[in-house]
file structure22.cif (mmCIF, N, CA and C atoms and all ligand atoms)
data_entry
loop_
_atom_site.label_atom_id
_atom_site.label_comp_id
_atom_site.auth_asym_id
_atom_site.auth_seq_id
_atom_site.Cartn_x
_atom_site.Cartn_y
_atom_site.Cartn_z
N MET A 3 -8.23 71.19 133.31
CA MET A 3 -9.28 70.75 132.38
C MET A 3 -10.61 71.41 132.71
N LYS A 4 -11.32 71.76 131.67
CA LYS A 4 -12.60 72.44 131.84
C LYS A 4 -13.70 71.47 132.28
N LYS A 5 -14.47 71.89 133.27
CA LYS A 5 -15.60 71.08 133.74
C LYS A 5 -16.88 71.88 133.59
N LEU A 6 -17.95 71.19 133.20
CA LEU A 6 -19.25 71.86 133.10
C LEU A 6 -20.28 71.08 133.90
N PRO A 7 -21.15 71.75 134.63
CA PRO A 7 -22.15 71.03 135.42
C PRO A 7 -23.17 70.31 134.53
N VAL A 8 -23.56 69.11 134.97
CA VAL A 8 -24.58 68.34 134.26
C VAL A 8 -25.96 68.78 134.75
N ASN A 9 -26.85 69.05 133.81
CA ASN A 9 -28.23 69.36 134.17
C ASN A 9 -29.11 68.17 133.77
N LYS A 10 -29.32 67.28 134.72
CA LYS A 10 -30.04 66.04 134.43
C LYS A 10 -31.46 66.27 133.92
N ASP A 11 -32.08 67.37 134.38
CA ASP A 11 -33.46 67.67 133.97
C ASP A 11 -33.57 67.87 132.46
N ALA A 12 -32.48 68.30 131.83
CA ALA A 12 -32.52 68.60 130.40
C ALA A 12 -32.33 67.35 129.54
N TYR A 13 -32.08 66.20 130.16
CA TYR A 13 -31.88 64.98 129.39
C TYR A 13 -33.18 64.49 128.76
N SER A 14 -33.05 63.70 127.69
CA SER A 14 -34.23 63.19 127.00
C SER A 14 -34.98 62.21 127.91
N GLU A 15 -36.25 62.01 127.60
CA GLU A 15 -37.07 61.10 128.40
C GLU A 15 -36.49 59.68 128.39
N SER A 16 -36.03 59.22 127.22
CA SER A 16 -35.48 57.86 127.15
C SER A 16 -34.19 57.74 127.97
N SER A 17 -33.44 58.83 128.04
CA SER A 17 -32.23 58.81 128.87
C SER A 17 -32.61 58.71 130.34
N LYS A 18 -33.64 59.46 130.72
CA LYS A 18 -34.06 59.46 132.13
C LYS A 18 -34.51 58.08 132.59
N LYS A 19 -35.05 57.30 131.63
CA LYS A 19 -35.52 55.96 131.97
C LYS A 19 -34.38 54.93 131.91
N SER A 20 -33.24 55.36 131.43
CA SER A 20 -32.15 54.43 131.18
C SER A 20 -31.46 53.99 132.47
N VAL A 21 -31.03 52.73 132.47
CA VAL A 21 -30.26 52.21 133.61
C VAL A 21 -28.98 53.03 133.71
N GLY A 22 -28.67 53.49 134.89
CA GLY A 22 -27.43 54.24 135.07
C GLY A 22 -27.65 55.74 135.11
N PHE A 23 -28.85 56.18 134.76
CA PHE A 23 -29.13 57.62 134.74
C PHE A 23 -28.84 58.26 136.10
N GLU A 24 -29.26 57.56 137.17
CA GLU A 24 -29.08 58.12 138.52
C GLU A 24 -27.62 58.19 138.94
N PHE A 25 -26.77 57.47 138.17
CA PHE A 25 -25.34 57.47 138.53
C PHE A 25 -24.52 58.43 137.66
N LEU A 26 -25.21 59.26 136.88
CA LEU A 26 -24.49 60.23 136.05
C LEU A 26 -23.59 61.11 136.92
N ASP A 27 -22.43 61.45 136.38
CA ASP A 27 -21.53 62.37 137.10
C ASP A 27 -22.17 63.75 137.20
N ASP A 28 -21.69 64.54 138.12
CA ASP A 28 -22.21 65.90 138.27
C ASP A 28 -21.59 66.88 137.28
N TYR A 29 -20.49 66.45 136.69
CA TYR A 29 -19.80 67.33 135.75
C TYR A 29 -19.41 66.60 134.46
N TYR A 30 -19.40 67.37 133.37
CA TYR A 30 -18.84 66.87 132.12
C TYR A 30 -17.35 67.21 132.13
N GLU A 31 -16.56 66.28 131.65
CA GLU A 31 -15.15 66.54 131.47
C GLU A 31 -14.77 66.15 130.05
N ASP A 32 -13.77 66.83 129.50
CA ASP A 32 -13.30 66.48 128.15
C ASP A 32 -12.95 65.00 128.11
N LYS A 33 -13.41 64.32 127.06
CA LYS A 33 -13.14 62.88 126.92
C LYS A 33 -12.34 62.64 125.66
N LYS A 34 -11.22 61.96 125.81
CA LYS A 34 -10.42 61.60 124.64
C LYS A 34 -10.97 60.32 124.03
N TYR A 35 -10.96 60.24 122.71
CA TYR A 35 -11.36 59.00 122.06
C TYR A 35 -10.62 58.90 120.73
N ARG A 36 -10.60 57.68 120.19
CA ARG A 36 -9.94 57.46 118.91
C ARG A 36 -10.99 57.22 117.83
N CYS A 37 -10.85 57.91 116.70
CA CYS A 37 -11.79 57.79 115.58
C CYS A 37 -11.74 56.37 115.01
N LYS A 38 -12.91 55.76 114.81
CA LYS A 38 -12.96 54.40 114.28
C LYS A 38 -12.73 54.35 112.78
N LYS A 39 -12.73 55.52 112.13
CA LYS A 39 -12.51 55.55 110.69
C LYS A 39 -11.04 55.81 110.37
N CYS A 40 -10.47 56.87 110.93
CA CYS A 40 -9.10 57.25 110.57
C CYS A 40 -8.11 57.03 111.72
N TYR A 41 -8.58 56.61 112.86
CA TYR A 41 -7.77 56.29 114.04
C TYR A 41 -7.09 57.50 114.68
N LYS A 42 -7.48 58.69 114.23
CA LYS A 42 -6.94 59.90 114.82
C LYS A 42 -7.56 60.10 116.20
N GLN A 43 -6.77 60.69 117.11
CA GLN A 43 -7.34 60.95 118.42
C GLN A 43 -8.07 62.30 118.41
N ASP A 44 -9.22 62.33 119.03
CA ASP A 44 -9.99 63.56 119.10
C ASP A 44 -10.55 63.69 120.52
N VAL A 45 -11.15 64.83 120.80
CA VAL A 45 -11.69 65.08 122.13
C VAL A 45 -13.17 65.42 122.04
N PHE A 46 -13.98 64.73 122.82
CA PHE A 46 -15.39 65.06 122.97
C PHE A 46 -15.42 66.04 124.15
N THR A 47 -15.45 67.32 123.85
CA THR A 47 -15.28 68.31 124.91
C THR A 47 -16.49 68.37 125.83
N ALA A 48 -16.27 68.88 127.03
CA ALA A 48 -17.34 69.03 128.01
C ALA A 48 -18.50 69.84 127.40
N GLU A 49 -18.14 70.89 126.67
CA GLU A 49 -19.14 71.75 126.04
C GLU A 49 -19.97 70.98 125.01
N GLU A 50 -19.28 70.19 124.16
CA GLU A 50 -19.99 69.40 123.15
C GLU A 50 -20.89 68.35 123.80
N GLN A 51 -20.43 67.76 124.90
CA GLN A 51 -21.25 66.76 125.59
C GLN A 51 -22.52 67.39 126.13
N LYS A 52 -22.38 68.56 126.74
CA LYS A 52 -23.55 69.26 127.29
C LYS A 52 -24.56 69.55 126.17
N ASN A 53 -24.04 70.03 125.04
CA ASN A 53 -24.89 70.35 123.90
C ASN A 53 -25.57 69.09 123.33
N THR A 54 -24.80 68.00 123.23
CA THR A 54 -25.32 66.76 122.66
C THR A 54 -26.46 66.18 123.50
N PHE A 55 -26.26 66.13 124.80
CA PHE A 55 -27.23 65.45 125.66
C PHE A 55 -28.35 66.36 126.17
N GLU A 56 -28.05 67.65 126.33
CA GLU A 56 -29.05 68.53 126.93
C GLU A 56 -29.79 69.39 125.91
N VAL A 57 -29.14 69.73 124.81
CA VAL A 57 -29.80 70.56 123.80
C VAL A 57 -30.33 69.68 122.67
N LYS A 58 -29.45 68.82 122.12
CA LYS A 58 -29.88 67.95 121.02
C LYS A 58 -30.60 66.71 121.54
N LYS A 59 -30.60 66.50 122.85
CA LYS A 59 -31.33 65.40 123.50
C LYS A 59 -30.92 64.01 122.99
N ALA A 60 -29.65 63.85 122.75
CA ALA A 60 -29.17 62.53 122.33
C ALA A 60 -29.31 61.55 123.50
N TYR A 61 -29.46 60.29 123.16
CA TYR A 61 -29.55 59.26 124.18
C TYR A 61 -28.25 59.23 124.98
N MET A 62 -28.37 59.10 126.30
CA MET A 62 -27.20 59.29 127.17
C MET A 62 -26.04 58.33 126.93
N TRP A 63 -26.32 57.16 126.36
CA TRP A 63 -25.23 56.21 126.12
C TRP A 63 -24.60 56.38 124.74
N GLN A 64 -25.09 57.35 123.99
CA GLN A 64 -24.50 57.59 122.67
C GLN A 64 -23.08 58.11 122.84
N GLN A 65 -22.14 57.43 122.23
CA GLN A 65 -20.75 57.84 122.33
C GLN A 65 -20.21 58.31 121.00
N ARG A 66 -19.21 59.16 121.06
CA ARG A 66 -18.54 59.59 119.84
C ARG A 66 -17.63 58.47 119.36
N PHE A 67 -17.65 58.18 118.08
CA PHE A 67 -16.69 57.21 117.56
C PHE A 67 -16.04 57.68 116.28
N LEU A 68 -16.49 58.83 115.75
CA LEU A 68 -15.83 59.43 114.61
C LEU A 68 -15.25 60.78 115.03
N CYS A 69 -14.07 61.12 114.48
CA CYS A 69 -13.52 62.44 114.77
C CYS A 69 -14.38 63.48 114.04
N ASN A 70 -14.17 64.73 114.34
CA ASN A 70 -15.00 65.76 113.72
C ASN A 70 -14.91 65.77 112.20
N VAL A 71 -13.70 65.57 111.68
CA VAL A 71 -13.50 65.58 110.22
C VAL A 71 -14.29 64.44 109.57
N CYS A 72 -14.15 63.23 110.11
CA CYS A 72 -14.84 62.07 109.55
C CYS A 72 -16.35 62.20 109.73
N TYR A 73 -16.76 62.76 110.84
CA TYR A 73 -18.19 62.93 111.09
C TYR A 73 -18.80 63.86 110.04
N GLN A 74 -18.12 64.99 109.78
CA GLN A 74 -18.61 65.93 108.77
C GLN A 74 -18.67 65.27 107.40
N GLU A 75 -17.65 64.46 107.10
CA GLU A 75 -17.58 63.75 105.82
C GLU A 75 -18.76 62.78 105.70
N MET A 76 -19.04 62.05 106.77
CA MET A 76 -20.14 61.09 106.79
C MET A 76 -21.48 61.80 106.55
N VAL A 77 -21.65 62.95 107.20
CA VAL A 77 -22.89 63.72 107.04
C VAL A 77 -23.04 64.18 105.58
N LYS A 78 -21.91 64.60 104.97
CA LYS A 78 -21.92 65.05 103.58
C LYS A 78 -22.34 63.92 102.64
N ILE A 79 -21.78 62.72 102.86
CA ILE A 79 -22.10 61.55 102.05
C ILE A 79 -23.59 61.22 102.18
N LYS A 80 -24.06 61.21 103.40
CA LYS A 80 -25.46 60.91 103.68
C LYS A 80 -26.39 61.90 102.96
N LYS A 81 -26.02 63.18 103.01
CA LYS A 81 -26.83 64.23 102.40
C LYS A 81 -26.86 64.06 100.88
N GLU A 82 -25.69 63.82 100.28
CA GLU A 82 -25.64 63.67 98.82
C GLU A 82 -26.42 62.44 98.38
N MET A 83 -26.32 61.35 99.15
CA MET A 83 -27.08 60.14 98.80
C MET A 83 -28.57 60.40 98.82
N SER A 84 -29.03 61.11 99.84
CA SER A 84 -30.48 61.33 99.91
C SER A 84 -30.95 62.30 98.83
N GLU A 85 -30.04 63.20 98.38
CA GLU A 85 -30.38 64.09 97.27
C GLU A 85 -30.54 63.29 95.97
N ILE A 86 -29.61 62.36 95.74
CA ILE A 86 -29.68 61.54 94.53
C ILE A 86 -30.95 60.67 94.59
N GLU A 87 -31.21 60.12 95.75
CA GLU A 87 -32.38 59.27 95.93
C GLU A 87 -33.68 60.06 95.66
N ALA A 88 -33.72 61.28 96.20
CA ALA A 88 -34.90 62.13 95.98
C ALA A 88 -35.05 62.45 94.49
N GLY A 89 -33.92 62.70 93.82
CA GLY A 89 -33.93 62.97 92.39
C GLY A 89 -34.45 61.78 91.61
N TYR A 90 -34.06 60.59 92.07
CA TYR A 90 -34.50 59.37 91.42
C TYR A 90 -36.02 59.20 91.57
N ILE A 91 -36.51 59.42 92.77
CA ILE A 91 -37.95 59.27 93.02
C ILE A 91 -38.75 60.24 92.16
N LYS A 92 -38.18 61.45 91.96
CA LYS A 92 -38.86 62.48 91.19
C LYS A 92 -38.85 62.18 89.70
N ASP A 93 -37.71 61.68 89.21
CA ASP A 93 -37.56 61.46 87.77
C ASP A 93 -36.71 60.21 87.52
N LYS A 94 -37.33 59.06 87.64
CA LYS A 94 -36.63 57.78 87.52
C LYS A 94 -35.91 57.63 86.18
N GLU A 95 -36.61 57.99 85.10
CA GLU A 95 -36.08 57.79 83.75
C GLU A 95 -34.74 58.48 83.55
N THR A 96 -34.64 59.73 84.00
CA THR A 96 -33.42 60.50 83.80
C THR A 96 -32.26 59.92 84.60
N VAL A 97 -32.52 59.61 85.85
CA VAL A 97 -31.45 59.11 86.71
C VAL A 97 -30.96 57.74 86.23
N ILE A 98 -31.87 56.90 85.87
CA ILE A 98 -31.54 55.53 85.47
C ILE A 98 -30.66 55.50 84.20
N CYS A 99 -30.71 56.57 83.38
CA CYS A 99 -29.91 56.64 82.16
C CYS A 99 -28.60 57.42 82.35
N ASP A 100 -28.44 58.05 83.49
CA ASP A 100 -27.28 58.89 83.74
C ASP A 100 -26.17 58.06 84.40
N LYS A 101 -25.32 57.47 83.56
CA LYS A 101 -24.31 56.55 84.06
C LYS A 101 -23.35 57.20 85.05
N GLU A 102 -22.97 58.46 84.80
CA GLU A 102 -22.05 59.15 85.70
C GLU A 102 -22.67 59.33 87.09
N LEU A 103 -23.92 59.73 87.09
CA LEU A 103 -24.62 59.93 88.36
C LEU A 103 -24.78 58.60 89.10
N LEU A 104 -25.09 57.56 88.37
CA LEU A 104 -25.24 56.23 88.98
C LEU A 104 -23.92 55.77 89.59
N LYS A 105 -22.82 56.05 88.89
CA LYS A 105 -21.51 55.67 89.41
C LYS A 105 -21.18 56.44 90.68
N ARG A 106 -21.55 57.71 90.72
CA ARG A 106 -21.35 58.54 91.90
C ARG A 106 -22.19 57.97 93.07
N TRP A 107 -23.41 57.60 92.74
CA TRP A 107 -24.33 57.04 93.75
C TRP A 107 -23.73 55.75 94.34
N LEU A 108 -23.22 54.90 93.46
CA LEU A 108 -22.61 53.65 93.91
C LEU A 108 -21.40 53.91 94.80
N PHE A 109 -20.57 54.88 94.38
CA PHE A 109 -19.40 55.25 95.17
C PHE A 109 -19.81 55.67 96.58
N LEU A 110 -20.83 56.52 96.67
CA LEU A 110 -21.29 57.00 97.98
C LEU A 110 -21.86 55.86 98.83
N LEU A 111 -22.63 54.99 98.18
CA LEU A 111 -23.21 53.84 98.90
C LEU A 111 -22.14 52.93 99.49
N LYS A 112 -21.00 52.85 98.77
CA LYS A 112 -19.91 51.99 99.25
C LYS A 112 -19.03 52.70 100.27
N GLU A 113 -18.97 54.03 100.20
CA GLU A 113 -18.18 54.81 101.16
C GLU A 113 -18.85 54.83 102.53
N TYR A 114 -20.15 54.98 102.51
CA TYR A 114 -20.93 55.19 103.74
C TYR A 114 -20.66 54.15 104.84
N PRO A 115 -20.65 52.85 104.52
CA PRO A 115 -20.40 51.86 105.58
C PRO A 115 -18.99 51.96 106.19
N LYS A 116 -18.05 52.61 105.48
CA LYS A 116 -16.70 52.77 106.03
C LYS A 116 -16.70 53.67 107.25
N TYR A 117 -17.80 54.43 107.41
CA TYR A 117 -17.95 55.29 108.58
C TYR A 117 -18.78 54.59 109.66
N TRP A 118 -18.81 53.27 109.61
CA TRP A 118 -19.53 52.46 110.59
C TRP A 118 -21.03 52.74 110.56
N GLN A 119 -21.53 53.01 109.36
CA GLN A 119 -22.97 53.19 109.16
C GLN A 119 -23.48 51.94 108.47
N ARG A 120 -24.78 51.71 108.58
CA ARG A 120 -25.38 50.52 108.00
C ARG A 120 -25.30 50.54 106.46
N GLU A 121 -24.84 49.45 105.90
CA GLU A 121 -24.75 49.32 104.45
C GLU A 121 -26.14 49.04 103.88
N ASN A 122 -26.47 49.71 102.77
CA ASN A 122 -27.75 49.47 102.12
C ASN A 122 -27.53 48.53 100.94
N ALA A 123 -27.48 47.22 101.23
CA ALA A 123 -27.13 46.21 100.23
C ALA A 123 -28.14 46.18 99.07
N ALA A 124 -29.41 46.35 99.39
CA ALA A 124 -30.45 46.31 98.35
C ALA A 124 -30.27 47.45 97.36
N GLN A 125 -29.93 48.64 97.90
CA GLN A 125 -29.76 49.78 97.02
C GLN A 125 -28.47 49.64 96.19
N ILE A 126 -27.43 49.09 96.78
CA ILE A 126 -26.18 48.86 96.04
C ILE A 126 -26.45 47.91 94.86
N ALA A 127 -27.19 46.84 95.14
CA ALA A 127 -27.52 45.88 94.08
C ALA A 127 -28.33 46.54 92.97
N PHE A 128 -29.26 47.39 93.37
CA PHE A 128 -30.10 48.08 92.41
C PHE A 128 -29.28 49.02 91.53
N VAL A 129 -28.39 49.81 92.14
CA VAL A 129 -27.61 50.78 91.38
C VAL A 129 -26.62 50.05 90.45
N LEU A 130 -26.03 48.96 90.95
CA LEU A 130 -25.13 48.16 90.10
C LEU A 130 -25.83 47.67 88.85
N LYS A 131 -27.02 47.18 89.02
CA LYS A 131 -27.83 46.68 87.90
C LYS A 131 -28.14 47.82 86.94
N ALA A 132 -28.49 48.98 87.50
CA ALA A 132 -28.82 50.14 86.68
C ALA A 132 -27.61 50.59 85.85
N ILE A 133 -26.40 50.54 86.47
CA ILE A 133 -25.20 50.94 85.73
C ILE A 133 -24.97 50.00 84.54
N ASN A 134 -25.16 48.72 84.77
CA ASN A 134 -24.98 47.74 83.69
C ASN A 134 -25.99 47.94 82.55
N ASN A 135 -27.14 48.46 82.88
CA ASN A 135 -28.18 48.66 81.86
C ASN A 135 -28.17 50.04 81.23
N ALA A 136 -27.44 50.98 81.87
CA ALA A 136 -27.47 52.36 81.39
C ALA A 136 -26.73 52.52 80.06
ZN ZN B 201 -11.54 60.33 111.72
#

call {"tool": "encode", "arguments": {"input": "structure22.cif", "output": "structure tokens"}}
result
Amino acid sequence: MKKLPVNKDAYSESSKKSVGFEFLDDYYEDKKYRCKKCYKQDVFTAEEQKNTFEVKKAYMWQQRFLCNVCYQEMVKIKKEMSEIEAGYIKDKETVICDKELLKRWLFLLKEYPKYWQRENAAQIAFVLKAINNA
């Protein structure tokens, strides 16, 4: 198994202050985990861990819980939702009358929590109402 040295200096400030920081292992090792969405087994590789904590500065206790496929899917859903939202803010009248777009928005809002992300209940209620009025 591949091992990579841990560079504690590269960790985020909040990680450095975290309980357990001083007990970090000296090496990253590939970690197996099961996806919470599709239950497929995936590996959080030593290389990905180094990149996550030392380059992207993720908080040290952040763990992987989605496989790569589900993670990419979740990011896609999030991106499309924020695009629709931005479109709505720019031109409320057009979006509010576009039943197909509203239905797509509702679908995305309902898919998102399946990836263990926070559900936006207020926005779901709003879009549902808009669909009924469109
Ligand atoms: Zn998955």

call {"tool": "select_by_dssp", "arguments": {"input": "structure22.cif", "residues": "region 33-99 of chain A", "states": "strand (DSSP E)", "output": "PDB file with N, CA and C atoms, keeping the file's coordinate frame"}}
result
ATOM      1  N   LYS A  33     -13.410  64.320 127.060  1.00  0.00           N
ATOM      2  CA  LYS A  33     -13.140  62.880 126.920  1.00  0.00           C
ATOM      3  C   LYS A  33     -12.340  62.640 125.660  1.00  0.00           C
ATOM      4  N   LYS A  34     -11.220  61.960 125.810  1.00  0.00           N
ATOM      5  CA  LYS A  34     -10.420  61.600 124.640  1.00  0.00           C
ATOM      6  C   LYS A  34     -10.970  60.320 124.030  1.00  0.00           C
ATOM      7  N   TYR A  35     -10.960  60.240 122.710  1.00  0.00           N
ATOM      8  CA  TYR A  35     -11.360  59.000 122.060  1.00  0.00           C
ATOM      9  C   TYR A  35     -10.620  58.900 120.730  1.00  0.00           C
ATOM     10  N   ARG A  36     -10.600  57.680 120.190  1.00  0.00           N
ATOM     11  CA  ARG A  36      -9.940  57.460 118.910  1.00  0.00           C
ATOM     12  C   ARG A  36     -10.990  57.220 117.830  1.00  0.00           C
ATOM     13  N   GLN A  43      -6.770  60.690 117.110  1.00  0.00           N
ATOM     14  CA  GLN A  43      -7.340  60.950 118.420  1.00  0.00           C
ATOM     15  C   GLN A  43      -8.070  62.300 118.410  1.00  0.00           C
ATOM     16  N   ASP A  44      -9.220  62.330 119.030  1.00  0.00           N
ATOM     17  CA  ASP A  44      -9.990  63.560 119.100  1.00  0.00           C
ATOM     18  C   ASP A  44     -10.550  63.690 120.520  1.00  0.00           C
ATOM     19  N   VAL A  45     -11.150  64.830 120.800  1.00  0.00           N
ATOM     20  CA  VAL A  45     -11.690  65.080 122.130  1.00  0.00           C
ATOM     21  C   VAL A  45     -13.170  65.420 122.040  1.00  0.00           C
ATOM     22  N   PHE A  46     -13.980  64.730 122.820  1.00  0.00           N
ATOM     23  CA  PHE A  46     -15.390  65.060 122.970  1.00  0.00           C
ATOM     24  C   PHE A  46     -15.420  66.040 124.150  1.00  0.00           C
TER      25      PHE A  46
END

call {"tool": "residues_near_point", "arguments": {"input": "structure22.cif", "point": "(-20.6, 60.2, 103.3)", "cutoff": "6 Å", "atoms": "only N, CA and C atoms", "output": "PyMOL selection string"}}
result
chain A and resi 75-80+113-114

call {"tool": "closest_atom_pairs", "arguments": {"input": "structure22.cif", "of": "region 106-135 of chain A", "to": "region 94-101 of chain A", "cutoff": "7 Å", "atoms": "all atoms listed in the file", "output": "CSV"}}
result
residue,atom,partner,partner_atom,distance
A:Arg106,N,A:Lys101,C,6.0
A:Ala132,C,A:Ile98,C,6.0
A:Ile133,CA,A:Lys101,CA,5.9
A:Asn135,C,A:Ile98,C,6.7

call {"tool": "write_last_selection", "arguments": {"input": "structure22.cif", "atoms": "N, CA and C atoms", "output": "PDB file, in the frame of the given file"}}
result
ATOM      1  N   ARG A 106     -21.550  57.710  90.720  1.00  0.00           N
ATOM      2  CA  ARG A 106     -21.350  58.540  91.900  1.00  0.00           C
ATOM      3  C   ARG A 106     -22.190  57.970  93.070  1.00  0.00           C
ATOM      4  N   ALA A 132     -28.490  48.980  87.500  1.00  0.00           N
ATOM      5  CA  ALA A 132     -28.820  50.140  86.680  1.00  0.00           C
ATOM      6  C   ALA A 132     -27.610  50.590  85.850  1.00  0.00           C
ATOM      7  N   ILE A 133     -26.400  50.540  86.470  1.00  0.00           N
ATOM      8  CA  ILE A 133     -25.200  50.940  85.730  1.00  0.00           C
ATOM      9  C   ILE A 133     -24.970  50.000  84.540  1.00  0.00           C
ATOM     10  N   ASN A 135     -27.140  48.460  82.880  1.00  0.00           N
ATOM     11  CA  ASN A 135     -28.180  48.660  81.860  1.00  0.00           C
ATOM     12  C   ASN A 135     -28.170  50.040  81.230  1.00  0.00           C
TER      13      ASN A 135
END

call {"tool": "axis_aligned_box", "arguments": {"input": "structure22.cif", "around": "region 12-29 of chain A", "padding_each_side": "6 Å", "output": "JSON"}}
result
{"center_x": -28.2, "center_y": 60.4, "center_z": 133.0, "size_x": 29.7, "size_y": 28.4, "size_z": 23.9}

call {"tool": "atom_distance", "arguments": {"input": "structure22.cif", "atom1": "CA of Phe46 (chain A)", "atom2": "CA of Cys72 (chain A)"}}
result
13.8 Å

call {"tool": "closest_residue", "arguments": {"input": "structure22.cif", "among": "A:Phe109, A:Phe23, A:Tyr29, A:Phe67", "to": "ligand ZN 201 (chain B)", "atoms": "only N, CA and C atoms and all ligand atoms"}}
result
A:Phe67

call {"tool": "closest_atom_pairs", "arguments": {"input": "structure22.cif", "of": "chain A", "to": "ligand ZN 201 (chain B)", "cutoff": "8 Å", "atoms": "only C-alpha atoms and all ligand atoms", "output": "tab-separated table"}}
result
residue	atom	partner	partner_atom	distance
A:Arg36	CA	B:ZN201	ZN	7.9
A:Cys37	CA	B:ZN201	ZN	4.6
A:Lys38	CA	B:ZN201	ZN	6.6
A:Lys39	CA	B:ZN201	ZN	5.0
A:Cys40	CA	B:ZN201	ZN	4.1
A:Tyr41	CA	B:ZN201	ZN	6.0
A:Lys42	CA	B:ZN201	ZN	5.6
A:Gln43	CA	B:ZN201	ZN	7.9
A:Leu68	CA	B:ZN201	ZN	5.3
A:Cys69	CA	B:ZN201	ZN	4.2
A:Asn70	CA	B:ZN201	ZN	6.7
A:Val71	CA	B:ZN201	ZN	5.8
A:Cys72	CA	B:ZN201	ZN	4.3
A:Tyr73	CA	B:ZN201	ZN	7.2

call {"tool": "select_by_dssp", "arguments": {"input": "structure22.cif", "residues": "chain A", "states": "helix (DSSP H, G or I)", "output": "PyMOL selection string"}}
result
chain A and resi 10-12+15-18+23-25+48-57+70-92+94-99+101-117+123-135

call {"tool": "decode", "arguments": {"input": "structure22.cif", "residues": "region 80-94 of chain A", "atoms": "N, CA and C atoms", "output": "mmCIF file, in the first residue's frame"}}
result
data_model
loop_
_atom_site.group_PDB
_atom_site.id
_atom_site.type_symbol
_atom_site.label_atom_id
_atom_site.label_comp_id
_atom_site.auth_asym_id
_atom_site.auth_seq_id
_atom_site.Cartn_x
_atom_site.Cartn_y
_atom_site.Cartn_z
ATOM 1 N N LYS A 80 -25.775 20.773 -7.284
ATOM 2 C CA LYS A 80 -25.575 22.034 -6.569
ATOM 3 C C LYS A 80 -25.338 23.192 -7.550
ATOM 4 N N LYS A 81 -24.518 22.923 -8.574
ATOM 5 C CA LYS A 81 -24.178 23.942 -9.552
ATOM 6 C C LYS A 81 -25.420 24.349 -10.354
ATOM 7 N N GLU A 82 -26.187 23.351 -10.804
ATOM 8 C CA GLU A 82 -27.378 23.659 -11.604
ATOM 9 C C GLU A 82 -28.405 24.424 -10.766
ATOM 10 N N MET A 83 -28.545 24.042 -9.493
ATOM 11 C CA MET A 83 -29.488 24.759 -8.620
ATOM 12 C C MET A 83 -29.095 26.216 -8.465
ATOM 13 N N SER A 84 -27.804 26.460 -8.276
ATOM 14 C CA SER A 84 -27.413 27.858 -8.075
ATOM 15 C C SER A 84 -27.524 28.659 -9.371
ATOM 16 N N GLU A 85 -27.402 27.968 -10.525
ATOM 17 C CA GLU A 85 -27.606 28.652 -11.802
ATOM 18 C C GLU A 85 -29.070 29.065 -11.961
ATOM 19 N N ILE A 86 -29.975 28.158 -11.611
ATOM 20 C CA ILE A 86 -31.405 28.460 -11.715
ATOM 21 C C ILE A 86 -31.750 29.594 -10.745
ATOM 22 N N GLU A 87 -31.201 29.506 -9.549
ATOM 23 C CA GLU A 87 -31.453 30.527 -8.536
ATOM 24 C C GLU A 87 -30.962 31.907 -9.000
ATOM 25 N N ALA A 88 -29.764 31.914 -9.589
ATOM 26 C CA ALA A 88 -29.208 33.176 -10.097
ATOM 27 C C ALA A 88 -30.090 33.723 -11.222
ATOM 28 N N GLY A 89 -30.589 32.818 -12.073
ATOM 29 C CA GLY A 89 -31.478 33.214 -13.160
ATOM 30 C C GLY A 89 -32.768 33.812 -12.622
ATOM 31 N N TYR A 90 -33.244 33.224 -11.528
ATOM 32 C CA TYR A 90 -34.466 33.712 -10.905
ATOM 33 C C TYR A 90 -34.253 35.122 -10.341
ATOM 34 N N ILE A 91 -33.145 35.311 -9.662
ATOM 35 C CA ILE A 91 -32.856 36.622 -9.068
ATOM 36 C C ILE A 91 -32.750 37.698 -10.151
ATOM 37 N N LYS A 92 -32.192 37.295 -11.319
ATOM 38 C CA LYS A 92 -32.001 38.233 -12.415
ATOM 39 C C LYS A 92 -33.319 38.569 -13.107
ATOM 40 N N ASP A 93 -34.168 37.550 -13.283
ATOM 41 C CA ASP A 93 -35.404 37.756 -14.035
ATOM 42 C C ASP A 93 -36.519 36.893 -13.440
ATOM 43 N N LYS A 94 -37.091 37.370 -12.354
ATOM 44 C CA LYS A 94 -38.115 36.614 -11.622
ATOM 45 C C LYS A 94 -39.315 36.255 -12.491
#
